[in-house]
file input-v4.pdb (PDB, C-alpha atoms)
ATOM      1  CA  LEU A   1     160.670 140.743 125.328  1.00  0.00           C
ATOM      2  CA  LYS A   2     157.588 140.182 123.197  1.00  0.00           C
ATOM      3  CA  SER A   3     156.171 136.682 122.988  1.00  0.00           C
ATOM      4  CA  ARG A   4     156.033 135.091 119.531  1.00  0.00           C
ATOM      5  CA  TRP A   5     152.401 134.069 120.154  1.00  0.00           C
ATOM      6  CA  PRO A   6     149.931 136.812 121.182  1.00  0.00           C
ATOM      7  CA  THR A   7     147.970 135.808 124.276  1.00  0.00           C
ATOM      8  CA  PRO A   8     144.480 137.337 124.112  1.00  0.00           C
ATOM      9  CA  VAL A   9     142.874 137.864 127.499  1.00  0.00           C
ATOM     10  CA  ASP A  10     139.088 137.679 127.970  1.00  0.00           C
ATOM     11  CA  PRO A  11     137.235 139.934 130.440  1.00  0.00           C
ATOM     12  CA  GLY A  12     137.122 137.125 132.998  1.00  0.00           C
ATOM     13  CA  GLY A  13     140.879 137.042 133.183  1.00  0.00           C
ATOM     14  CA  SER A  14     141.465 133.657 131.540  1.00  0.00           C
ATOM     15  CA  VAL A  15     144.269 133.308 129.053  1.00  0.00           C
ATOM     16  CA  ASP A  16     144.035 131.397 125.778  1.00  0.00           C
ATOM     17  CA  PRO A  17     147.017 129.080 125.295  1.00  0.00           C
ATOM     18  CA  PRO A  18     149.172 129.496 122.213  1.00  0.00           C
ATOM     19  CA  SER A  19     147.807 127.742 119.139  1.00  0.00           C
ATOM     20  CA  ALA A  20     149.715 124.637 118.204  1.00  0.00           C
ATOM     21  CA  ASP A  21     151.381 124.568 114.789  1.00  0.00           C
ATOM     22  CA  VAL A  22     149.669 121.407 113.540  1.00  0.00           C
ATOM     23  CA  ARG A  23     150.482 120.261 110.015  1.00  0.00           C
ATOM     24  CA  SER A  24     147.692 118.135 108.532  1.00  0.00           C
ATOM     25  CA  ALA A  25     148.335 115.326 106.085  1.00  0.00           C
ATOM     26  CA  PRO A  26     147.611 116.069 102.417  1.00  0.00           C
ATOM     27  CA  ALA A  27     143.933 115.563 101.630  1.00  0.00           C
ATOM     28  CA  ASN A  28     144.700 113.410  98.585  1.00  0.00           C
ATOM     29  CA  MET A  29     146.901 110.945 100.459  1.00  0.00           C
ATOM     30  CA  PRO A  30     145.295 107.464 100.279  1.00  0.00           C
ATOM     31  CA  ASN A  31     144.257 106.103 103.647  1.00  0.00           C
ATOM     32  CA  ALA A  32     144.685 102.532 104.845  1.00  0.00           C
ATOM     33  CA  GLU A  33     141.144 101.552 103.858  1.00  0.00           C
ATOM     34  CA  LYS A  34     141.582 102.702 100.255  1.00  0.00           C
ATOM     35  CA  LEU A  35     144.926 100.965  99.978  1.00  0.00           C
ATOM     36  CA  ALA A  36     143.396  97.743 101.321  1.00  0.00           C
ATOM     37  CA  LYS A  37     140.552  97.918  98.760  1.00  0.00           C
ATOM     38  CA  LYS A  38     143.041  98.484  95.925  1.00  0.00           C
ATOM     39  CA  SER A  39     145.167  95.565  97.062  1.00  0.00           C
ATOM     40  CA  ALA A  40     142.100  93.296  97.286  1.00  0.00           C
ATOM     41  CA  TYR A  41     141.035  94.333  93.757  1.00  0.00           C
ATOM     42  CA  PHE A  42     144.525  93.695  92.359  1.00  0.00           C
ATOM     43  CA  ASN A  43     144.677  90.251  93.977  1.00  0.00           C
ATOM     44  CA  LYS A  44     141.188  89.321  92.744  1.00  0.00           C
ATOM     45  CA  LEU A  45     141.875  90.289  89.123  1.00  0.00           C
ATOM     46  CA  ILE A  46     145.260  88.555  89.085  1.00  0.00           C
ATOM     47  CA  ASP A  47     143.790  85.393  90.619  1.00  0.00           C
ATOM     48  CA  LEU A  48     140.974  85.303  88.057  1.00  0.00           C
ATOM     49  CA  CYS A  49     143.377  85.845  85.150  1.00  0.00           C
ATOM     50  CA  VAL A  50     145.564  82.961  86.334  1.00  0.00           C
ATOM     51  CA  ASN A  51     142.909  80.477  87.465  1.00  0.00           C
ATOM     52  CA  SER A  52     139.988  81.352  85.149  1.00  0.00           C
ATOM     53  CA  PRO A  53     141.625  82.080  81.798  1.00  0.00           C
ATOM     54  CA  ASN A  54     138.346  81.897  79.827  1.00  0.00           C
ATOM     55  CA  ALA A  55     136.857  85.380  79.888  1.00  0.00           C
ATOM     56  CA  LEU A  56     135.144  88.019  77.805  1.00  0.00           C
ATOM     57  CA  ILE A  57     136.176  91.662  77.662  1.00  0.00           C
ATOM     58  CA  VAL A  58     132.936  93.613  77.417  1.00  0.00           C
ATOM     59  CA  ASN A  59     132.259  97.217  76.464  1.00  0.00           C
ATOM     60  CA  VAL A  60     129.782  98.801  78.883  1.00  0.00           C
ATOM     61  CA  ASP A  61     129.147 102.132  77.164  1.00  0.00           C
ATOM     62  CA  HIS A  62     125.466 103.144  77.512  1.00  0.00           C
ATOM     63  CA  VAL A  63     124.714 100.152  79.767  1.00  0.00           C
ATOM     64  CA  ALA A  64     122.345 101.062  82.616  1.00  0.00           C
ATOM     65  CA  SER A  65     123.105 100.046  86.199  1.00  0.00           C
ATOM     66  CA  LYS A  66     119.881  97.978  86.277  1.00  0.00           C
ATOM     67  CA  GLN A  67     121.083  96.001  83.263  1.00  0.00           C
ATOM     68  CA  MET A  68     124.403  95.305  84.979  1.00  0.00           C
ATOM     69  CA  GLN A  69     122.603  94.224  88.138  1.00  0.00           C
ATOM     70  CA  ASP A  70     120.369  91.807  86.198  1.00  0.00           C
ATOM     71  CA  ILE A  71     123.380  90.352  84.354  1.00  0.00           C
ATOM     72  CA  ARG A  72     125.279  89.844  87.609  1.00  0.00           C
ATOM     73  CA  LEU A  73     122.280  88.080  89.167  1.00  0.00           C
ATOM     74  CA  GLU A  74     121.794  85.739  86.214  1.00  0.00           C
ATOM     75  CA  LEU A  75     125.501  84.854  86.064  1.00  0.00           C
ATOM     76  CA  ARG A  76     125.863  84.322  89.809  1.00  0.00           C
ATOM     77  CA  GLY A  77     127.511  80.965  90.465  1.00  0.00           C
ATOM     78  CA  LYS A  78     128.470  80.651  86.782  1.00  0.00           C
ATOM     79  CA  ALA A  79     130.765  83.587  86.121  1.00  0.00           C
ATOM     80  CA  VAL A  80     132.428  86.550  87.818  1.00  0.00           C
ATOM     81  CA  VAL A  81     131.706  90.061  86.528  1.00  0.00           C
ATOM     82  CA  LEU A  82     134.555  92.444  87.364  1.00  0.00           C
ATOM     83  CA  MET A  83     134.587  96.130  86.485  1.00  0.00           C
ATOM     84  CA  GLY A  84     137.063  98.838  87.421  1.00  0.00           C
ATOM     85  CA  LYS A  85     138.881 101.958  86.316  1.00  0.00           C
ATOM     86  CA  ASN A  86     141.349 101.406  83.489  1.00  0.00           C
ATOM     87  CA  THR A  87     144.228 102.721  85.597  1.00  0.00           C
ATOM     88  CA  MET A  88     143.418 100.140  88.290  1.00  0.00           C
ATOM     89  CA  ILE A  89     143.096  97.335  85.735  1.00  0.00           C
ATOM     90  CA  ARG A  90     146.412  98.218  84.061  1.00  0.00           C
ATOM     91  CA  LYS A  91     148.201  98.400  87.407  1.00  0.00           C
ATOM     92  CA  ALA A  92     146.797  95.025  88.480  1.00  0.00           C
ATOM     93  CA  LEU A  93     147.851  93.429  85.191  1.00  0.00           C
ATOM     94  CA  GLU A  94     151.311  94.973  85.504  1.00  0.00           C
ATOM     95  CA  ILE A  95     151.719  93.457  88.983  1.00  0.00           C
ATOM     96  CA  GLY A  96     150.268  90.166  87.730  1.00  0.00           C
ATOM     97  CA  HIS A  97     152.743  90.040  84.835  1.00  0.00           C
ATOM     98  CA  GLU A  98     155.647  90.439  87.267  1.00  0.00           C
ATOM     99  CA  LYS A  99     154.336  87.544  89.382  1.00  0.00           C
ATOM    100  CA  HIS A 100     153.161  85.336  86.493  1.00  0.00           C
ATOM    101  CA  PRO A 101     155.157  86.297  83.380  1.00  0.00           C
ATOM    102  CA  ASP A 102     153.782  83.371  81.342  1.00  0.00           C
ATOM    103  CA  ALA A 103     150.082  84.167  81.943  1.00  0.00           C
ATOM    104  CA  GLY A 104     149.868  86.691  79.083  1.00  0.00           C
ATOM    105  CA  MET A 105     148.705  89.599  81.235  1.00  0.00           C
ATOM    106  CA  GLU A 106     151.068  92.043  79.536  1.00  0.00           C
ATOM    107  CA  LYS A 107     149.301  91.459  76.183  1.00  0.00           C
ATOM    108  CA  LEU A 108     145.949  91.899  77.901  1.00  0.00           C
ATOM    109  CA  ARG A 109     147.144  95.127  79.512  1.00  0.00           C
ATOM    110  CA  ALA A 110     147.951  96.620  76.117  1.00  0.00           C
ATOM    111  CA  SER A 111     144.343  96.137  74.967  1.00  0.00           C
ATOM    112  CA  ILE A 112     142.673  97.950  77.872  1.00  0.00           C
ATOM    113  CA  GLN A 113     140.931 100.913  76.267  1.00  0.00           C
ATOM    114  CA  GLY A 114     137.556 102.558  76.687  1.00  0.00           C
ATOM    115  CA  ASN A 115     134.809 101.729  79.154  1.00  0.00           C
ATOM    116  CA  ILE A 116     135.369  97.989  79.581  1.00  0.00           C
ATOM    117  CA  GLY A 117     135.052  95.178  82.092  1.00  0.00           C
ATOM    118  CA  PHE A 118     135.672  91.435  82.415  1.00  0.00           C
ATOM    119  CA  ILE A 119     133.361  88.445  82.710  1.00  0.00           C
ATOM    120  CA  PHE A 120     135.311  85.352  83.797  1.00  0.00           C
ATOM    121  CA  ALA A 121     133.729  81.964  83.054  1.00  0.00           C
ATOM    122  CA  THR A 122     134.218  80.042  86.298  1.00  0.00           C
ATOM    123  CA  ASN A 123     131.432  77.456  85.961  1.00  0.00           C
ATOM    124  CA  CYS A 124     130.053  77.870  82.432  1.00  0.00           C
ATOM    125  CA  THR A 125     131.129  78.380  78.842  1.00  0.00           C
ATOM    126  CA  LEU A 126     131.739  81.653  77.035  1.00  0.00           C
ATOM    127  CA  ASP A 127     128.727  80.891  74.842  1.00  0.00           C
ATOM    128  CA  ASP A 128     126.564  80.748  77.980  1.00  0.00           C
ATOM    129  CA  ILE A 129     127.776  84.231  78.907  1.00  0.00           C
ATOM    130  CA  ARG A 130     127.149  85.559  75.396  1.00  0.00           C
ATOM    131  CA  GLU A 131     123.607  84.182  75.510  1.00  0.00           C
ATOM    132  CA  THR A 132     122.966  85.910  78.836  1.00  0.00           C
ATOM    133  CA  LEU A 133     124.324  89.204  77.522  1.00  0.00           C
ATOM    134  CA  SER A 134     122.167  89.032  74.404  1.00  0.00           C
ATOM    135  CA  LYS A 135     119.061  88.556  76.565  1.00  0.00           C
ATOM    136  CA  HIS A 136     119.764  91.814  78.403  1.00  0.00           C
ATOM    137  CA  ARG A 137     120.501  94.037  75.422  1.00  0.00           C
ATOM    138  CA  ARG A 138     118.242  97.099  75.388  1.00  0.00           C
ATOM    139  CA  LEU A 139     117.648  99.899  72.918  1.00  0.00           C
ATOM    140  CA  SER A 140     118.323 103.363  74.323  1.00  0.00           C
ATOM    141  CA  ALA A 141     117.872 106.903  73.058  1.00  0.00           C
ATOM    142  CA  ALA A 142     120.875 108.604  71.488  1.00  0.00           C
ATOM    143  CA  LYS A 143     122.292 111.521  73.467  1.00  0.00           C
ATOM    144  CA  ALA A 144     124.230 114.511  72.175  1.00  0.00           C
ATOM    145  CA  GLY A 145     127.983 113.956  72.300  1.00  0.00           C
ATOM    146  CA  GLN A 146     127.807 110.148  72.190  1.00  0.00           C
ATOM    147  CA  VAL A 147     129.241 108.117  69.324  1.00  0.00           C
ATOM    148  CA  ALA A 148     126.516 106.273  67.427  1.00  0.00           C
ATOM    149  CA  VAL A 149     126.810 102.487  67.743  1.00  0.00           C
ATOM    150  CA  ALA A 150     124.160 101.854  65.090  1.00  0.00           C
ATOM    151  CA  ALA A 151     122.836 103.555  61.974  1.00  0.00           C
ATOM    152  CA  LEU A 152     119.465 105.274  62.150  1.00  0.00           C
ATOM    153  CA  ASN A 153     117.237 106.210  59.201  1.00  0.00           C
ATOM    154  CA  LEU A 154     113.841 107.855  58.872  1.00  0.00           C
ATOM    155  CA  PRO A 155     111.768 105.467  56.740  1.00  0.00           C
ATOM    156  CA  SER A 156     109.917 106.728  53.701  1.00  0.00           C
ATOM    157  CA  GLY A 157     106.156 106.937  53.887  1.00  0.00           C
ATOM    158  CA  PRO A 158     103.533 108.610  56.076  1.00  0.00           C
ATOM    159  CA  THR A 159     104.671 110.475  59.198  1.00  0.00           C
ATOM    160  CA  GLY A 160     101.308 111.135  60.840  1.00  0.00           C
ATOM    161  CA  MET A 161     102.104 114.873  60.913  1.00  0.00           C
ATOM    162  CA  ASP A 162      99.810 117.499  59.421  1.00  0.00           C
ATOM    163  CA  PRO A 163     100.856 119.771  56.495  1.00  0.00           C
ATOM    164  CA  SER A 164     101.442 122.788  58.768  1.00  0.00           C
ATOM    165  CA  GLN A 165     104.670 121.121  59.990  1.00  0.00           C
ATOM    166  CA  THR A 166     106.432 120.893  56.619  1.00  0.00           C
ATOM    167  CA  ASN A 167     108.820 123.703  57.650  1.00  0.00           C
ATOM    168  CA  PHE A 168     110.465 121.288  60.090  1.00  0.00           C
ATOM    169  CA  PHE A 169     111.415 118.910  57.268  1.00  0.00           C
ATOM    170  CA  GLN A 170     112.381 121.720  54.891  1.00  0.00           C
ATOM    171  CA  ALA A 171     114.894 123.028  57.435  1.00  0.00           C
ATOM    172  CA  LEU A 172     116.536 119.583  57.433  1.00  0.00           C
ATOM    173  CA  ASN A 173     116.435 119.265  53.636  1.00  0.00           C
ATOM    174  CA  ILE A 174     114.168 116.233  53.847  1.00  0.00           C
ATOM    175  CA  GLY A 175     111.985 115.683  50.787  1.00  0.00           C
ATOM    176  CA  THR A 176     108.260 115.451  51.576  1.00  0.00           C
ATOM    177  CA  LYS A 177     104.881 115.418  49.929  1.00  0.00           C
ATOM    178  CA  ILE A 178     101.312 115.816  51.178  1.00  0.00           C
ATOM    179  CA  VAL A 179      99.142 112.705  50.831  1.00  0.00           C
ATOM    180  CA  LYS A 180      95.635 112.435  52.278  1.00  0.00           C
ATOM    181  CA  GLY A 181      96.146 115.418  54.572  1.00  0.00           C
ATOM    182  CA  GLN A 182      99.429 114.326  56.124  1.00  0.00           C
ATOM    183  CA  ILE A 183     103.142 114.616  55.418  1.00  0.00           C
ATOM    184  CA  GLU A 184     104.922 111.709  53.772  1.00  0.00           C
ATOM    185  CA  LEU A 185     108.675 111.297  53.289  1.00  0.00           C
ATOM    186  CA  VAL A 186     109.564 110.848  49.640  1.00  0.00           C
ATOM    187  CA  SER A 187     112.511 108.555  50.435  1.00  0.00           C
ATOM    188  CA  GLU A 188     114.392 107.112  53.369  1.00  0.00           C
ATOM    189  CA  PHE A 189     116.528 109.750  55.107  1.00  0.00           C
ATOM    190  CA  PRO A 190     119.710 108.904  57.059  1.00  0.00           C
ATOM    191  CA  ILE A 191     119.795 110.450  60.549  1.00  0.00           C
ATOM    192  CA  LEU A 192     122.902 108.791  61.996  1.00  0.00           C
ATOM    193  CA  LYS A 193     125.750 106.681  60.687  1.00  0.00           C
ATOM    194  CA  THR A 194     127.659 104.211  62.822  1.00  0.00           C
ATOM    195  CA  GLY A 195     130.717 105.871  64.356  1.00  0.00           C
ATOM    196  CA  GLU A 196     129.439 109.445  63.968  1.00  0.00           C
ATOM    197  CA  LYS A 197     129.063 111.736  66.959  1.00  0.00           C
ATOM    198  CA  VAL A 198     125.448 112.557  67.842  1.00  0.00           C
ATOM    199  CA  SER A 199     124.699 116.273  67.436  1.00  0.00           C
ATOM    200  CA  PRO A 200     122.130 118.206  69.537  1.00  0.00           C
ATOM    201  CA  SER A 201     119.878 118.589  66.472  1.00  0.00           C
TER     202      SER A 201
END
call {"tool": "encode", "arguments": {"input": "input-v4.pdb", "output": "structure tokens"}}
result
Amino acid sequence: LKSRWPTPVDPGGSVDPPSADVRSAPANMPNAEKLAKKSAYFNKLIDLCVNSPNALIVNVDHVASKQMQDIRLELRGKAVVLMGKNTMIRKALEIGHEKHPDAGMEKLRASIQGNIGFIFATNCTLDDIRETLSKHRRLSAAKAGQVAVAALNLPSGPTGMDPSQTNFFQALNIGTKIVKGQIELVSEFPILKTGEKVSPS
């Protein structure tokens, strides 16, 4: 009879034992640590919604990590900043609604869209939080593919560019004239409108 498992023999005469048929757990199965972190996040959000009902929902598109760090530091002891994936937030609010049906978490769940987070006022007013946020607002360069959050126009007047660069403006259909050896824009030219997607050009 032939053995199901081949038994290779090395020159020294030792025999390798049959390989065990070990079935590993799926790689995407959440481990105990991940489950514990999820549970802690759910409990924290639900507790804040119930016990600290005054909060702001903030959009964090184009907000740098340094800005978020500075905001957290300034609000420490006054408010709780809580971010998270939308799927996690919705799940937490769903669980919270089952436990506290009168807390209004189901209505809040329906409004979770985009890149958002919460700032719960635990020891301050919402106006205090708004003031802190306004202090940390920063201008940033537009990037291709983003949706413009503000309009941008090229002002009329001198550009500081020499006449040899008029082709650049002609390609964009921007009216120019030469004054005192430099290019001037004849009128204000709109570059971006609020809500438009930024193009590579």
call {"tool": "atom_distance", "arguments": {"input": "input-v4.pdb", "atom1": "atom CA of A:Ala103", "atom2": "atom CA of A:Ala55"}}
result
13.4 Å
call {"tool": "closest_residue", "arguments": {"input": "input-v4.pdb", "among": "A:Asn115, A:Thr122, A:Thr159, A:Gln69", "to": "A:Thr87", "atoms": "only C-alpha atoms"}}
result
A:Asn115
call {"tool": "residues_around", "arguments": {"input": "input-v4.pdb", "residues": "A:Val81", "least_positions_apart": "6", "cutoff": "7 Å", "atoms": "only C-alpha atoms", "output": "list of chain:residue names"}}
result
A:Arg72, A:Phe118, A:Ile119, A:Phe120
call {"tool": "write_last_selection", "arguments": {"input": "input-v4.pdb", "atoms": "C-alpha atoms", "output": "PDB file, keeping the file's coordinate frame"}}
result
ATOM      1  CA  ARG A  72     125.279  89.844  87.609  1.00  0.00           C
ATOM      2  CA  PHE A 118     135.672  91.435  82.415  1.00  0.00           C
ATOM      3  CA  ILE A 119     133.361  88.445  82.710  1.00  0.00           C
ATOM      4  CA  PHE A 120     135.311  85.352  83.797  1.00  0.00           C
TER       5      PHE A 120
END
call {"tool": "atom_distance", "arguments": {"input": "input-v4.pdb", "atom1": "atom CA of A:Glu106", "atom2": "atom CA of A:Met88"}}
result
14.2 Å
call {"tool": "atom_distance", "arguments": {"input": "input-v4.pdb", "atom1": "atom CA of A:Ile191", "atom2": "atom CA of A:Ser156"}}
result
12.6 Å
call {"tool": "resolve_selection", "arguments": {"input": "input-v4.pdb", "expression": "the PyMOL selection byres ((chain A and resi 61) around 8)", "output": "PyMOL selection string"}}
result
chain A and resi 59-60+62-63+115-116
call {"tool": "closest_residue", "arguments": {"input": "input-v4.pdb", "among": "A:Gln67, A:Ala32, A:Val80, A:Lys91", "to": "A:Asn54", "atoms": "all atoms listed in the file"}}
result
A:Val80
call {"tool": "resolve_selection", "arguments": {"input": "input-v4.pdb", "expression": "the PyMOL selection byres ((chain A and resi 187) around 10)", "output": "NGL selection string"}}
result
:A and (154-157 or 174-176 or 184-186 or 188-190)
call {"tool": "axis_aligned_box", "arguments": {"input": "input-v4.pdb", "around": "stretch 143-150 of chain A", "padding_each_side": "4 Å", "output": "lines of an AutoDock Vina configuration file"}}
result
center_x = 125.8
center_y = 108.2
center_z = 69.3
size_x = 14.9
size_y = 20.7
size_z = 16.4
call {"tool": "residues_near_point", "arguments": {"input": "input-v4.pdb", "point": "(143.5, 96.2, 94.2)", "cutoff": "12 Å", "atoms": "all atoms listed in the file", "output": "PyMOL selection string"}}
result
chain A and resi 33-47+82-85+87-96
call {"tool": "write_last_selection", "arguments": {"input": "input-v4.pdb", "atoms": "C-alpha atoms", "output": "PDB file, in the coordinates of the input"}}
result
ATOM      1  CA  GLU A  33     141.144 101.552 103.858  1.00  0.00           C
ATOM      2  CA  LYS A  34     141.582 102.702 100.255  1.00  0.00           C
ATOM      3  CA  LEU A  35     144.926 100.965  99.978  1.00  0.00           C
ATOM      4  CA  ALA A  36     143.396  97.743 101.321  1.00  0.00           C
ATOM      5  CA  LYS A  37     140.552  97.918  98.760  1.00  0.00           C
ATOM      6  CA  LYS A  38     143.041  98.484  95.925  1.00  0.00           C
ATOM      7  CA  SER A  39     145.167  95.565  97.062  1.00  0.00           C
ATOM      8  CA  ALA A  40     142.100  93.296  97.286  1.00  0.00           C
ATOM      9  CA  TYR A  41     141.035  94.333  93.757  1.00  0.00           C
ATOM     10  CA  PHE A  42     144.525  93.695  92.359  1.00  0.00           C
ATOM     11  CA  ASN A  43     144.677  90.251  93.977  1.00  0.00           C
ATOM     12  CA  LYS A  44     141.188  89.321  92.744  1.00  0.00           C
ATOM     13  CA  LEU A  45     141.875  90.289  89.123  1.00  0.00           C
ATOM     14  CA  ILE A  46     145.260  88.555  89.085  1.00  0.00           C
ATOM     15  CA  ASP A  47     143.790  85.393  90.619  1.00  0.00           C
ATOM     16  CA  LEU A  82     134.555  92.444  87.364  1.00  0.00           C
ATOM     17  CA  MET A  83     134.587  96.130  86.485  1.00  0.00           C
ATOM     18  CA  GLY A  84     137.063  98.838  87.421  1.00  0.00           C
ATOM     19  CA  LYS A  85     138.881 101.958  86.316  1.00  0.00           C
ATOM     20  CA  THR A  87     144.228 102.721  85.597  1.00  0.00           C
ATOM     21  CA  MET A  88     143.418 100.140  88.290  1.00  0.00           C
ATOM     22  CA  ILE A  89     143.096  97.335  85.735  1.00  0.00           C
ATOM     23  CA  ARG A  90     146.412  98.218  84.061  1.00  0.00           C
ATOM     24  CA  LYS A  91     148.201  98.400  87.407  1.00  0.00           C
ATOM     25  CA  ALA A  92     146.797  95.025  88.480  1.00  0.00           C
ATOM     26  CA  LEU A  93     147.851  93.429  85.191  1.00  0.00           C
ATOM     27  CA  GLU A  94     151.311  94.973  85.504  1.00  0.00           C
ATOM     28  CA  ILE A  95     151.719  93.457  88.983  1.00  0.00           C
ATOM     29  CA  GLY A  96     150.268  90.166  87.730  1.00  0.00           C
TER      30      GLY A  96
END
call {"tool": "closest_residue", "arguments": {"input": "input-v4.pdb", "among": "A:Ser164, A:Thr132, A:Asn86, A:Ser140", "to": "A:Gly114", "atoms": "all atoms listed in the file"}}
result
A:Asn86
call {"tool": "resolve_selection", "arguments": {"input": "input-v4.pdb", "expression": "the PyMOL selection byres ((chain A and resi 148) around 10)", "output": "ChimeraX atom specification"}}
result
/A:142-147,149-152,192-198
call {"tool": "closest_residue", "arguments": {"input": "input-v4.pdb", "among": "A:Glu98, A:Cys49, A:Gln113, A:Leu126", "to": "A:Leu75", "atoms": "only C-alpha atoms"}}
result
A:Leu126
call {"tool": "closest_residue", "arguments": {"input": "input-v4.pdb", "among": "A:Ser199, A:Thr166, A:Thr125, A:Ser134", "to": "A:Pro53", "atoms": "only C-alpha atoms"}}
result
A:Thr125
call {"tool": "closest_residue", "arguments": {"input": "input-v4.pdb", "among": "A:Asp70, A:Pro200, A:Ser111, A:Leu56", "to": "A:Lys135", "atoms": "all atoms listed in the file"}}
result
A:Asp70
